[in-house]
Each structure stands twice: as structure tokens, then as C-alpha cells.
>>> print(open('query.tsv').read())   # TSV, C-alpha atoms
chain	number	residue	atom	x	y	z
Z	548	MET	CA	-18.15	0.58	-9.04
Z	549	PHE	CA	-20.97	0.68	-11.56
Z	550	VAL	CA	-23.78	3.12	-12.37
Z	551	ASP	CA	-26.80	1.76	-14.27
Z	552	ILE	CA	-28.07	4.50	-16.61
Z	553	SER	CA	-30.76	2.46	-18.42
Z	554	GLU	CA	-33.45	4.90	-17.14
Z	555	ILE	CA	-31.91	7.88	-18.94
Z	556	LEU	CA	-30.15	6.14	-21.84
Z	557	ASN	CA	-32.59	7.36	-24.52
Z	558	LYS	CA	-33.96	10.46	-22.77
Z	559	LYS	CA	-32.26	13.71	-23.69
Z	560	ASN	CA	-31.48	16.00	-20.70
Z	561	ALA	CA	-32.64	13.32	-18.26
Z	562	LYS	CA	-30.93	13.21	-14.89
Z	563	LEU	CA	-30.17	10.24	-12.65
Z	564	SER	CA	-28.95	10.41	-9.05
Z	565	PHE	CA	-26.87	7.63	-7.55
Z	566	ASP	CA	-25.28	6.72	-4.24
Z	567	ILE	CA	-22.63	3.98	-4.12
Z	568	SER	CA	-20.72	2.62	-1.15
Z	569	GLU	CA	-18.15	-0.09	-1.80
Z	570	TYR	CA	-15.00	-1.49	-0.22
Z	571	ILE	CA	-12.02	-1.51	-2.57
Z	572	SER	CA	-8.61	-3.17	-2.46
Z	573	THR	CA	-5.49	-1.25	-1.45
Z	574	ASN	CA	-3.33	-3.10	-4.01
Z	575	ASP	CA	-3.57	-0.32	-6.61
Z	576	TYR	CA	-2.80	2.40	-4.06
Z	577	LYS	CA	0.47	1.16	-2.55
Z	578	PRO	CA	2.75	2.59	-1.17
Z	579	ASN	CA	0.69	5.74	-0.46
Z	580	ILE	CA	-2.29	4.11	1.27
Z	581	ASN	CA	-1.80	1.29	3.77
Z	582	GLU	CA	-5.45	0.38	4.20
Z	583	PHE	CA	-8.98	1.60	3.48
Z	584	LEU	CA	-10.75	1.90	6.85
Z	585	SER	CA	-14.18	2.55	5.37
Z	586	PRO	CA	-15.98	1.87	2.12
Z	587	VAL	CA	-15.54	4.43	-0.65
Z	588	LYS	CA	-18.74	6.48	-0.75
Z	589	VAL	CA	-19.62	8.20	-4.03
Z	590	GLU	CA	-22.76	10.29	-4.42
Z	591	GLY	CA	-23.68	12.21	-7.53
Z	592	THR	CA	-25.67	12.58	-10.73
Z	593	VAL	CA	-25.48	11.54	-14.38
Z	594	VAL	CA	-27.06	13.77	-17.04
Z	595	ASN	CA	-27.77	12.65	-20.62
Z	596	ILE	CA	-26.50	15.45	-22.85
Z	597	ASN	CA	-27.22	14.32	-26.42
Z	598	LYS	CA	-25.93	10.73	-25.95
Z	599	GLU	CA	-22.98	11.90	-23.84
Z	600	PHE	CA	-23.35	11.34	-20.14
Z	601	ARG	CA	-21.85	13.82	-17.71
Z	602	LEU	CA	-21.13	12.33	-14.31
Z	603	THR	CA	-20.51	14.69	-11.39
Z	604	ALA	CA	-20.02	13.28	-7.93
Z	605	LYS	CA	-18.44	13.76	-4.53
Z	606	GLY	CA	-16.63	10.95	-2.80
Z	607	THR	CA	-15.14	10.26	0.60
Z	608	VAL	CA	-13.13	7.49	2.23
Z	609	MET	CA	-11.19	7.01	5.48
Z	610	VAL	CA	-7.66	5.66	4.92
Z	611	LEU	CA	-4.67	4.61	6.99
Z	612	ILE	CA	-1.45	6.29	5.81
Z	613	ASN	CA	2.00	6.92	7.25
Z	614	CYS	CA	3.23	10.18	8.75
Z	615	ASP	CA	5.95	11.48	6.43
Z	616	ARG	CA	8.24	12.37	9.36
Z	617	CYS	CA	7.97	9.50	11.87
Z	618	LEU	CA	6.17	6.80	9.79
Z	619	LYS	CA	3.42	6.39	12.42
Z	620	ASN	CA	0.11	5.12	11.01
Z	621	ILE	CA	-2.58	7.81	11.04
Z	622	GLU	CA	-6.21	7.89	9.98
Z	623	TYR	CA	-6.96	10.41	7.26
Z	624	THR	CA	-10.21	11.30	5.48
Z	625	LEU	CA	-9.92	11.80	1.74
Z	626	ASN	CA	-12.57	13.87	-0.01
Z	627	PHE	CA	-12.62	14.01	-3.79
Z	628	ASP	CA	-14.73	15.26	-6.69
Z	629	ILE	CA	-15.43	13.49	-9.96
Z	630	ASP	CA	-16.38	15.27	-13.18
Z	631	GLU	CA	-16.25	12.96	-16.21
Z	632	ILE	CA	-17.99	12.63	-19.56
Z	633	TYR	CA	-18.89	9.16	-20.86
Z	634	ALA	CA	-20.21	8.03	-24.24
Z	635	ASN	CA	-21.29	4.60	-25.47
Z	636	THR	CA	-20.17	5.44	-28.98
Z	637	GLY	CA	-16.64	6.29	-30.01
Z	638	GLY	CA	-15.57	9.37	-28.16
Z	639	CYS	CA	-12.76	11.77	-28.76
Z	640	GLY	CA	-10.31	13.43	-26.43
Z	641	GLU	CA	-11.17	13.08	-22.78
Z	642	ILE	CA	-14.46	11.23	-23.20
Z	643	GLU	CA	-14.58	7.81	-21.54
Z	644	VAL	CA	-16.25	5.04	-23.54
Z	645	PHE	CA	-18.60	2.38	-22.16
Z	646	ASP	CA	-20.79	-0.39	-23.59
Z	647	GLY	CA	-24.46	-1.01	-22.90
Z	648	SER	CA	-26.23	0.86	-20.13
Z	649	ILE	CA	-23.76	0.48	-17.26
Z	650	ILE	CA	-20.92	2.93	-16.62
Z	651	ASP	CA	-17.89	1.64	-14.76
Z	652	ILE	CA	-16.64	4.56	-12.67
Z	653	SER	CA	-13.83	2.60	-10.98
Z	654	SER	CA	-11.05	4.24	-12.98
Z	655	ALA	CA	-12.43	7.74	-12.27
Z	656	VAL	CA	-12.67	6.93	-8.56
Z	657	LYS	CA	-9.15	5.54	-8.49
Z	658	LYS	CA	-7.72	8.53	-10.36
Z	659	ASN	CA	-9.45	11.04	-8.10
Z	660	ILE	CA	-8.45	9.25	-4.89
Z	661	ILE	CA	-4.82	9.39	-6.01
Z	662	PHE	CA	-5.14	13.08	-6.98
Z	663	SER	CA	-6.68	13.92	-3.59
Z	664	LEU	CA	-3.78	12.46	-1.60
Z	665	PRO	CA	-1.92	15.23	0.19
Z	666	MET	CA	1.71	15.87	-0.73
Z	667	LYS	CA	2.79	15.57	2.89
Z	668	VAL	CA	0.98	14.14	5.92
Z	669	VAL	CA	2.17	14.60	9.48
Z	670	CYS	CA	0.73	13.06	12.62
Z	671	LYS	CA	1.03	16.42	14.42
Z	672	GLU	CA	2.47	19.81	13.48
Z	673	ASP	CA	5.46	19.50	15.81
Z	674	CYS	CA	6.35	15.91	14.82
Z	675	LYS	CA	10.09	15.45	15.38
Z	676	GLY	CA	10.48	12.57	12.94
Z	677	LEU	CA	13.11	9.83	13.10
Z	678	CYS	CA	16.75	10.00	14.20
Z	679	PRO	CA	18.87	10.00	11.02
Z	680	VAL	CA	21.45	7.75	12.70
Z	681	CYS	CA	19.54	5.04	14.61
Z	682	GLY	CA	15.97	5.53	13.32
Z	683	LYS	CA	14.34	6.02	16.73
Z	684	ASN	CA	11.06	7.92	16.77
Z	685	LEU	CA	12.09	11.22	18.39
Z	686	ASN	CA	8.49	11.88	19.52
Z	687	GLU	CA	8.96	9.06	22.04
Z	688	GLY	CA	12.13	10.58	23.48
Z	689	ASP	CA	15.65	11.60	22.56
Z	690	CYS	CA	18.35	9.13	21.58
Z	691	SER	CA	22.05	9.27	22.42
Z	692	CYS	CA	23.28	9.41	18.82
Z	693	ASP	CA	25.91	11.93	17.68
Z	694	THR	CA	24.12	14.03	15.06
Z	695	SER	CA	26.88	16.61	14.70
Z	696	TYR	CA	28.29	14.97	11.55
Z	697	ILE	CA	28.81	17.47	8.76
Z	698	ASN	CA	29.15	16.40	5.17
Z	699	PRO	CA	32.77	17.09	4.10
Z	700	SER	CA	31.61	18.87	0.95
Z	701	PHE	CA	30.05	21.57	3.17
Z	702	GLU	CA	33.00	21.86	5.57
Z	703	SER	CA	34.31	25.02	3.86
Z	704	LEU	CA	31.05	26.79	4.72
Z	705	ARG	CA	31.79	26.40	8.44
Z	706	SER	CA	34.57	29.00	8.13
Z	707	LEU	CA	31.92	31.62	7.31
Z	708	PHE	CA	30.47	31.34	10.80
Z	709	LYS	CA	32.09	32.18	14.12
Z	710	PHE	CA	30.80	29.58	16.52
Z	711	ASP	CA	31.30	31.71	19.59
Z	712	GLU	CA	28.79	34.27	18.22
Z	713	GLU	CA	25.07	33.94	18.15
Z	714	VAL	CA	23.68	33.68	14.63
>>> encode(input="query.tsv", output="C-alpha cells")
Amino acid sequence: MFVDISEILNKKNAKLSFDISEYISTNDYKPNINEFLSPVKVEGTVVNINKEFRLTAKGTVMVLINCDRCLKNIEYTLNFDIDEIYANTGGCGEIEVFDGSIIDISSAVKKNIIFSLPMKVVCKEDCKGLCPVCGKNLNEGDCSCDTSYINPSFESLRSLFKFDEEV
């Protein structure tokens, strides 16, 4: 994804608006994103601040990701913000460097898509997940597995409870 800033390259305090829509590969986003269902849309502005270019933008993309409980594929809309400073001379700290009059914002887009991924995604609030024994999706019905197994290291804790009482 590229932004051509040749119009504002030598104009102090000049502002350039841009609107980019581009399909990108899911290879760099595995295993979190299975597929991009729409192009990545980025809309924003670049301002020339004394030969440093501040890019602020909002982006959105529809992705296909797995439910964290039952692994069902679900569609999810990711919205992200970009706020980066670029310079075509040596920068310091957090300033991105570019050559010529074209800024490559691909790394900023990638970084912000990854940052905008939710920590946990569920297909529905009451998703039952998978059976820990056979792996059946419990949203589709119960299985006949015995799930009463208790780890032997926690067996001594059972003595603290009386099973004939309600807890």
C-alpha cells in the first residue's frame, strides 16, 4: 500500500488526503486470520510538518477467524487507526524512513491490523465449545463422553466438599 506525497513534498504544512483499498495476503497473519473477506480500506491524511510527514488514517477490513471455543469460522470486522511519522531523511526513534516521494504504509497497516485483533472471539456468548474428550462441537448437541475425570493432583481438594450438600 503506497501513498504518493509528491504534491506536498516541498510545501510546509501542506495536507494531502488519500483513500486506498487493496486486497492483501493472509500469509503474514496466520494463525490468527484465516482469510480476508474484503479489501483493506485505509482513508486518511498526510501533513508535511517541516520535512516530516504525519500520517493519520482509519482502516477497516472484514476477516474470517475462528471462534476460540468451538473453532467455527466467523466473519469479523476489524477497525484500526494509524498514526505514524515518516521522514525521507534519517530519522530517529519512532520515525519511519522512506525514499523519494512515495510512502509505503504496508508495515503500519500490518502492525495495526494485528494490534486490533481481539484477545478472544466467540461465535455467540453462550458458545459451549468442544468436548475435551472427543472434540465434538457441543453447540450441535451433547456427546456421551465421561467428563467426570478429576486430575489426581486435585483429588485431595474433593475432601473439602460434601457431595450430598448443595454448594
>>> atom_distance(input="query.tsv", atom1="atom CA of Lys559 of chain Z", atom2="atom CA of Asn597 of chain Z")
5.8 Å
>>> residues_around(input="query.tsv", residues="Thr694 of chain Z", least_positions_apart="2", cutoff="8 Å", atoms="all atoms listed in the file", output="PyMOL selection string")
chain Z and resi 679-680+692+696
>>> residues_around(input="query.tsv", residues="Gly676 of chain Z", least_positions_apart="6", cutoff="9 Å", atoms="all atoms listed in the file", output="list in words")
Cys614, Asp615, Arg616, Cys617, Leu618, Gly682, Lys683, Asn684, Leu685 and Asn686 of chain Z
>>> atom_distance(input="query.tsv", atom1="atom CA of Lys675 of chain Z", atom2="atom CA of Thr607 of chain Z")
29.7 Å
>>> axis_aligned_box(input="query.tsv", around="segment 680-689 of chain Z", padding_each_side="8 Å", output="AutoDock Vina command-line options")
--center_x 15.0 --center_y 8.5 --center_z 18.1 --size_x 29.0 --size_y 22.8 --size_z 26.8
>>> closest_residue(input="query.tsv", among="Z:Ser648, Z:Ser653, Z:Asn698, Z:Asn581", to="Ile621 of chain Z", atoms="all atoms listed in the file")
Z:Asn581
>>> closest_residue(input="query.tsv", among="Z:Lys671, Z:Lys558, Z:Lys577, Z:Arg601", to="Ile642 of chain Z", atoms="all atoms listed in the file")
Z:Arg601
